[in-house]
file data_7.tsv (TSV, C-alpha atoms)
chain	number	residue	atom	x	y	z
A	1	MET	CA	24.70	-228.92	20.12
A	2	SER	CA	26.38	-225.64	21.07
A	3	ASN	CA	24.95	-223.33	23.73
A	4	SER	CA	23.82	-220.91	21.02
A	5	GLU	CA	21.75	-223.68	19.39
A	6	LYS	CA	20.24	-225.01	22.61
A	7	PRO	CA	16.65	-223.88	23.14
A	8	TYR	CA	15.68	-222.24	26.40
A	9	LEU	CA	14.23	-225.18	28.32
A	10	ILE	CA	11.49	-224.85	30.94
A	11	VAL	CA	10.17	-227.68	33.11
A	12	VAL	CA	6.68	-227.19	34.58
A	13	GLY	CA	5.24	-229.31	37.38
A	14	ILE	CA	1.44	-229.62	37.23
A	15	ASP	CA	-1.20	-231.37	39.33
A	16	TYR	CA	-4.39	-230.42	37.44
A	17	SER	CA	-5.15	-227.66	39.95
A	18	ALA	CA	-5.60	-223.91	39.45
A	19	ALA	CA	-2.06	-223.42	40.70
A	20	GLY	CA	-0.75	-225.93	38.14
A	21	ASP	CA	-2.71	-224.23	35.34
A	22	LEU	CA	-1.20	-220.90	36.33
A	23	ALA	CA	2.29	-222.37	36.42
A	24	LEU	CA	1.94	-223.67	32.87
A	25	GLU	CA	0.43	-220.36	31.71
A	26	HIS	CA	3.45	-218.47	33.05
A	27	ALA	CA	5.84	-220.99	31.53
A	28	LEU	CA	4.22	-220.58	28.10
A	29	GLU	CA	4.40	-216.79	28.41
A	30	LEU	CA	8.11	-216.98	29.22
A	31	ALA	CA	8.71	-219.43	26.39
A	32	ALA	CA	6.77	-217.35	23.84
A	33	ALA	CA	9.04	-214.39	24.58
A	34	ARG	CA	12.12	-216.41	23.55
A	35	PRO	CA	13.36	-216.92	19.98
A	36	ARG	CA	13.34	-220.65	20.68
A	37	ALA	CA	12.11	-222.56	23.71
A	38	ASP	CA	11.03	-226.00	24.87
A	39	VAL	CA	8.42	-226.47	27.61
A	40	HIS	CA	8.28	-229.85	29.33
A	41	VAL	CA	5.10	-230.45	31.34
A	42	VAL	CA	5.49	-232.99	34.14
A	43	ASN	CA	2.85	-234.74	36.21
A	44	VAL	CA	3.89	-237.14	38.95
A	45	VAL	CA	1.60	-239.97	40.09
A	46	ARG	CA	1.91	-242.54	42.82
A	47	PHE	CA	1.53	-245.94	41.22
A	48	TYR	CA	0.35	-248.98	43.15
A	49	GLY	CA	0.70	-252.40	41.55
A	50	ALA	CA	0.58	-253.21	37.87
A	51	GLN	CA	-2.95	-252.02	37.11
A	52	GLY	CA	-3.65	-248.67	38.68
A	53	GLY	CA	-2.14	-245.30	39.55
A	54	ILE	CA	-3.30	-242.70	42.02
A	55	ASP	CA	-3.36	-239.18	40.68
A	56	GLY	CA	-3.82	-236.42	43.24
A	57	ALA	CA	-6.90	-234.34	42.47
A	58	ALA	CA	-5.54	-231.30	44.28
A	59	GLU	CA	-8.53	-228.98	44.03
A	60	ALA	CA	-11.00	-231.66	45.06
A	61	GLY	CA	-8.76	-232.81	47.89
A	62	GLY	CA	-9.13	-236.46	46.88
A	63	PHE	CA	-7.64	-239.09	44.60
A	64	VAL	CA	-8.52	-240.60	41.25
A	65	ALA	CA	-7.53	-244.13	40.29
A	66	LEU	CA	-5.97	-244.33	36.83
A	67	SER	CA	-4.12	-246.92	34.81
A	68	LEU	CA	-0.63	-245.99	33.72
A	69	ALA	CA	-1.83	-245.70	30.11
A	70	ASP	CA	-4.72	-243.44	31.16
A	71	ALA	CA	-2.44	-241.24	33.25
A	72	THR	CA	-0.09	-240.85	30.29
A	73	ALA	CA	-2.96	-239.98	27.96
A	74	GLN	CA	-4.30	-237.51	30.52
A	75	ILE	CA	-1.09	-235.46	30.76
A	76	GLU	CA	-0.68	-235.45	26.97
A	77	GLN	CA	-4.28	-234.28	26.46
A	78	TYR	CA	-3.91	-231.66	29.18
A	79	ALA	CA	-0.74	-230.21	27.63
A	80	GLU	CA	-2.36	-230.00	24.20
A	81	GLU	CA	-5.53	-228.37	25.56
A	82	ARG	CA	-3.52	-225.75	27.46
A	83	ARG	CA	-1.48	-225.05	24.34
A	84	ARG	CA	-4.62	-224.47	22.27
A	85	ALA	CA	-6.07	-222.23	24.98
A	86	PHE	CA	-2.96	-220.05	25.18
A	87	ALA	CA	-3.64	-216.57	23.83
A	88	GLY	CA	-0.17	-215.83	22.48
A	89	SER	CA	1.90	-217.30	19.67
A	90	LEU	CA	3.75	-220.53	20.36
A	91	ASP	CA	5.21	-221.01	16.89
A	92	SER	CA	8.75	-221.15	18.27
A	93	VAL	CA	7.84	-223.31	21.27
A	94	GLN	CA	8.01	-227.10	21.49
A	95	LEU	CA	5.65	-228.51	24.12
A	96	ARG	CA	6.24	-231.98	25.52
A	97	ALA	CA	4.47	-233.97	28.25
A	98	HIS	CA	6.00	-236.37	30.77
A	99	LEU	CA	4.58	-238.76	33.35
A	100	ARG	CA	6.76	-239.62	36.32
A	101	LEU	CA	6.11	-241.90	39.28
A	102	GLU	CA	6.18	-241.54	43.07
A	103	ALA	CA	7.71	-238.39	44.69
A	104	PRO	CA	6.57	-235.15	42.96
A	105	ALA	CA	9.28	-232.74	44.11
A	106	GLN	CA	12.16	-235.16	43.53
A	107	GLU	CA	10.89	-236.20	40.11
A	108	ILE	CA	10.36	-232.60	38.94
A	109	ALA	CA	13.87	-231.69	40.07
A	110	GLN	CA	15.31	-234.86	38.51
A	111	ILE	CA	13.80	-234.30	35.08
A	112	ALA	CA	15.10	-230.73	35.22
A	113	ALA	CA	18.55	-232.16	35.80
A	114	ASP	CA	18.11	-234.84	33.11
A	115	LEU	CA	17.11	-232.24	30.51
A	116	GLU	CA	19.59	-229.54	31.62
A	117	ALA	CA	16.65	-227.20	32.16
A	118	ASP	CA	17.16	-223.46	32.37
A	119	LEU	CA	14.12	-222.89	34.58
A	120	VAL	CA	11.55	-224.83	36.62
A	121	VAL	CA	8.06	-223.40	37.13
A	122	VAL	CA	5.79	-224.78	39.85
A	123	GLY	CA	2.59	-223.62	41.46
A	124	SER	CA	2.01	-223.04	45.15
A	125	HIS	CA	-1.44	-223.32	46.71
A	126	GLY	CA	-0.57	-220.84	49.44
A	127	ARG	CA	-2.24	-222.81	52.21
A	128	ARG	CA	-1.34	-223.33	55.84
A	129	GLY	CA	-1.56	-226.36	58.08
A	130	ILE	CA	-2.20	-229.82	56.63
A	131	ALA	CA	-3.02	-228.50	53.14
A	132	ARG	CA	0.29	-226.65	53.05
A	133	TRP	CA	2.14	-229.77	54.21
A	134	LEU	CA	0.58	-231.84	51.43
A	135	LEU	CA	0.74	-229.31	48.59
A	136	GLY	CA	2.88	-226.28	49.33
A	137	SER	CA	5.79	-228.44	50.46
A	138	VAL	CA	6.23	-229.74	46.88
A	139	ALA	CA	7.13	-226.26	45.63
A	140	GLU	CA	9.42	-225.68	48.60
A	141	THR	CA	11.24	-228.96	48.06
A	142	VAL	CA	11.64	-228.30	44.33
A	143	VAL	CA	13.29	-224.97	45.21
A	144	ARG	CA	15.81	-226.83	47.37
A	145	LEU	CA	16.51	-229.69	44.94
A	146	ALA	CA	16.36	-228.20	41.44
A	147	PRO	CA	19.70	-227.64	39.66
A	148	CYS	CA	18.46	-224.38	38.09
A	149	PRO	CA	16.34	-221.35	39.06
A	150	VAL	CA	12.79	-222.08	40.20
A	151	PHE	CA	9.84	-219.76	39.57
A	152	VAL	CA	7.00	-220.33	42.07
A	153	VAL	CA	3.59	-218.92	41.15
A	154	ARG	CA	0.31	-218.90	43.05
A	155	PRO	CA	-3.24	-217.83	42.21
A	156	LYS	CA	-4.35	-214.40	43.37
A	157	ALA	CA	-6.33	-214.59	46.58
A	158	LEU	CA	-7.18	-212.57	49.63
A	159	PRO	CA	-4.63	-212.98	52.42
A	160	GLU	CA	-5.56	-215.67	54.88
A	161	GLU	CA	-6.74	-214.37	58.24
A	162	LEU	CA	-3.95	-214.67	60.77
A	163	PRO	CA	-4.66	-216.49	64.03
A	164	ARG	CA	-5.73	-214.13	66.82
A	165	ILE	CA	-3.62	-214.07	69.96
A	166	GLU	CA	-5.85	-213.70	73.01
A	167	PRO	CA	-4.91	-211.35	75.89
A	168	PRO	CA	-3.85	-212.93	79.19
A	169	CYS	CA	-6.57	-214.19	81.48
A	170	PRO	CA	-7.34	-211.61	84.22
A	171	LEU	CA	-7.84	-214.38	86.79
A	172	CYS	CA	-4.45	-215.89	85.92
A	173	LEU	CA	-2.84	-212.49	86.34
A	174	GLU	CA	-4.51	-212.13	89.74
A	175	ALA	CA	-3.34	-215.62	90.77
A	176	ARG	CA	0.28	-214.73	89.90
A	177	ARG	CA	0.05	-211.44	91.78
A	178	ALA	CA	-1.55	-212.96	94.86
A	179	SER	CA	0.95	-215.86	95.01
A	180	ALA	CA	4.00	-213.70	94.21
A	181	GLY	CA	4.63	-215.83	91.11
A	182	ALA	CA	4.32	-219.21	92.83
A	183	GLU	CA	1.15	-220.01	90.89
A	184	TYR	CA	0.81	-219.15	87.19
A	185	TRP	CA	-2.77	-220.20	86.44
A	186	CYS	CA	-6.26	-219.63	87.74
A	187	ALA	CA	-8.40	-222.63	88.66
A	188	GLN	CA	-9.84	-222.91	85.14
A	189	HIS	CA	-6.52	-222.77	83.29
A	190	ARG	CA	-4.57	-224.82	85.82
A	191	GLU	CA	-6.33	-227.93	84.54
A	192	ARG	CA	-5.48	-227.05	80.92
A	193	HIS	CA	-1.81	-226.21	81.49
A	194	GLY	CA	-1.04	-228.86	84.07
A	195	GLN	CA	1.46	-228.74	86.88
A	196	ARG	CA	4.14	-226.10	86.76
A	197	HIS	CA	7.65	-227.32	85.90
A	198	THR	CA	10.91	-225.50	86.49
A	199	TYR	CA	14.53	-226.16	85.66
A	200	SER	CA	17.81	-224.54	86.61
A	201	GLN	CA	21.01	-224.03	84.65
A	202	ARG	CA	22.91	-226.52	86.80
A	203	ASP	CA	20.45	-229.21	85.72
A	204	ARG	CA	21.68	-228.71	82.16
A	205	VAL	CA	25.29	-229.70	82.92
A	206	GLY	CA	26.27	-233.29	82.22
A	207	ALA	CA	29.49	-235.26	82.14
A	208	GLU	CA	29.59	-235.67	78.35
A	209	THR	CA	27.27	-233.26	76.52
A	210	GLU	CA	26.98	-230.56	79.21
A	211	MET	CA	23.50	-229.91	77.86
A	212	PRO	CA	20.90	-232.39	79.22
A	213	LEU	CA	17.65	-230.73	80.19
A	214	THR	CA	16.15	-232.03	83.44
A	215	PHE	CA	12.72	-230.92	84.56
A	216	HIS	CA	11.60	-230.92	88.19
A	217	SER	CA	8.02	-230.84	89.36
call {"tool": "encode", "arguments": {"input": "data_7.tsv", "output": "structure tokens"}}
result
Amino acid sequence: MSNSEKPYLIVVGIDYSAAGDLALEHALELAAARPRADVHVVNVVRFYGAQGGIDGAAEAGGFVALSLADATAQIEQYAEERRRAFAGSLDSVQLRAHLRLEAPAQEIAQIAADLEADLVVVGSHGRRGIARWLLGSVAETVVRLAPCPVFVVRPKALPEELPRIEPPCPLCLEARRASAGAEYWCAQHRERHGQRHTYSQRDRVGAETEMPLTFHS
């Protein structure tokens, strides 16, 4: 097949969350604008043993046990339902569903390579902390691994409140002033921060690396 005959191919990673729905919606919009396009919807499950798979229920924050056959039927039904719900015309778009096992980011990037995809679309949940480590890291890893451009989408939401940095403790400031810098903390914060440690540049010099870091109480 020549390049002129090859359809524009989009791979979409979904996890049955709002972010995954939005990713597929954007992929269908991009595909509908092309004279000819294929959209490949990919869900990745962790499979344990011969009987059951674990499919991440991202919005609920839990897991759902599924057989491999059920997981396959689920992604196929999901793709068809999203196609029917799409407001635009998809007459020139072929929609296909895939189930992959184990590592989501690697499998999404791999199927993009296998299919010579032109674009990967993934959702990001836009969370910090543990939730970001579990969910947002998939999108970040796909960006690093995919052999083609990656479009990351996220649901609209109010910006998360940034952590507030507290001003210095007045009693700690007084302790530093009164001790001419010998003591950093007041009695209350001394217990929290522990004993003061210092190091000097000469402590960093070693015979081989010249960069060991030695702390002295």
call {"tool": "residues_around", "arguments": {"input": "data_7.tsv", "residues": "A:Lys6", "least_positions_apart": "4", "cutoff": "12 Å", "atoms": "all atoms listed in the file", "output": "PyMOL selection string"}}
result
chain A and resi 1-2+34-38+115-118
call {"tool": "closest_residue", "arguments": {"input": "data_7.tsv", "among": "A:Ser17, A:Thr141, A:Ser89, A:Gln110", "to": "A:Ala32", "atoms": "only C-alpha atoms"}}
result
A:Ser89
call {"tool": "atom_distance", "arguments": {"input": "data_7.tsv", "atom1": "atom CA of A:Asp91", "atom2": "atom CA of A:Asp70"}}
result
28.4 Å
call {"tool": "residues_around", "arguments": {"input": "data_7.tsv", "residues": "A:Leu173", "least_positions_apart": "4", "cutoff": "12 Å", "atoms": "only C-alpha atoms", "output": "PyMOL selection string"}}
result
chain A and resi 167-169+177-187+189
call {"tool": "write_last_selection", "arguments": {"input": "data_7.tsv", "atoms": "C-alpha atoms", "output": "CSV table (one decimal), keeping the file's coordinate frame"}}
result
chain,number,residue,atom,x,y,z
A,167,PRO,CA,-4.9,-211.4,75.9
A,168,PRO,CA,-3.8,-212.9,79.2
A,169,CYS,CA,-6.6,-214.2,81.5
A,177,ARG,CA,0.0,-211.4,91.8
A,178,ALA,CA,-1.6,-213.0,94.9
A,179,SER,CA,1.0,-215.9,95.0
A,180,ALA,CA,4.0,-213.7,94.2
A,181,GLY,CA,4.6,-215.8,91.1
A,182,ALA,CA,4.3,-219.2,92.8
A,183,GLU,CA,1.2,-220.0,90.9
A,184,TYR,CA,0.8,-219.2,87.2
A,185,TRP,CA,-2.8,-220.2,86.4
A,186,CYS,CA,-6.3,-219.6,87.7
A,187,ALA,CA,-8.4,-222.6,88.7
A,189,HIS,CA,-6.5,-222.8,83.3
call {"tool": "residues_around", "arguments": {"input": "data_7.tsv", "residues": "A:Ala18", "least_positions_apart": "2", "cutoff": "8 Å", "atoms": "all atoms listed in the file", "output": "compact mmCIF listing (two decimals) with C-alpha atoms, keeping the file's coordinate frame"}}
result
# COMPACT_ATOMS: atom_id res chain seq x y z
CA TYR A 16 -4.39 -230.42 37.44
CA GLY A 20 -0.75 -225.93 38.14
CA ASP A 21 -2.71 -224.23 35.34
CA LEU A 22 -1.20 -220.90 36.33
CA GLU A 59 -8.53 -228.98 44.03
CA PRO A 155 -3.24 -217.83 42.21
call {"tool": "closest_residue", "arguments": {"input": "data_7.tsv", "among": "A:Ala105, A:Val120, A:Ala139, A:Leu24", "to": "A:Glu81", "atoms": "only C-alpha atoms"}}
result
A:Leu24
call {"tool": "atom_distance", "arguments": {"input": "data_7.tsv", "atom1": "atom CA of A:Ala103", "atom2": "atom CA of A:Glu25"}}
result
23.4 Å
call {"tool": "atom_distance", "arguments": {"input": "data_7.tsv", "atom1": "atom CA of A:Val93", "atom2": "atom CA of A:Leu28"}}
result
8.2 Å
call {"tool": "residues_around", "arguments": {"input": "data_7.tsv", "residues": "A:Ala19", "least_positions_apart": "6", "cutoff": "7 Å", "atoms": "all atoms listed in the file", "output": "JSON list (two decimals) with C-alpha atoms, in the frame of the given file"}}
result
[["chain", "number", "residue", "atom", "x", "y", "z"],
["A", 123, "GLY", "CA", 2.59, -223.62, 41.46],
["A", 124, "SER", "CA", 2.01, -223.04, 45.15],
["A", 125, "HIS", "CA", -1.44, -223.32, 46.71],
["A", 154, "ARG", "CA", 0.31, -218.90, 43.05],
["A", 155, "PRO", "CA", -3.24, -217.83, 42.21]]
call {"tool": "closest_residue", "arguments": {"input": "data_7.tsv", "among": "A:Pro149, A:Gly13, A:Pro7, A:Pro170", "to": "A:His98", "atoms": "only C-alpha atoms"}}
result
A:Gly13
call {"tool": "closest_residue", "arguments": {"input": "data_7.tsv", "among": "A:Ala73, A:Ala79, A:Ala65, A:Leu95", "to": "A:Ala31", "atoms": "only C-alpha atoms"}}
result
A:Leu95
call {"tool": "closest_residue", "arguments": {"input": "data_7.tsv", "among": "A:Leu90, A:Leu171, A:Ile75, A:Leu119", "to": "A:Ala33", "atoms": "only C-alpha atoms"}}
result
A:Leu90
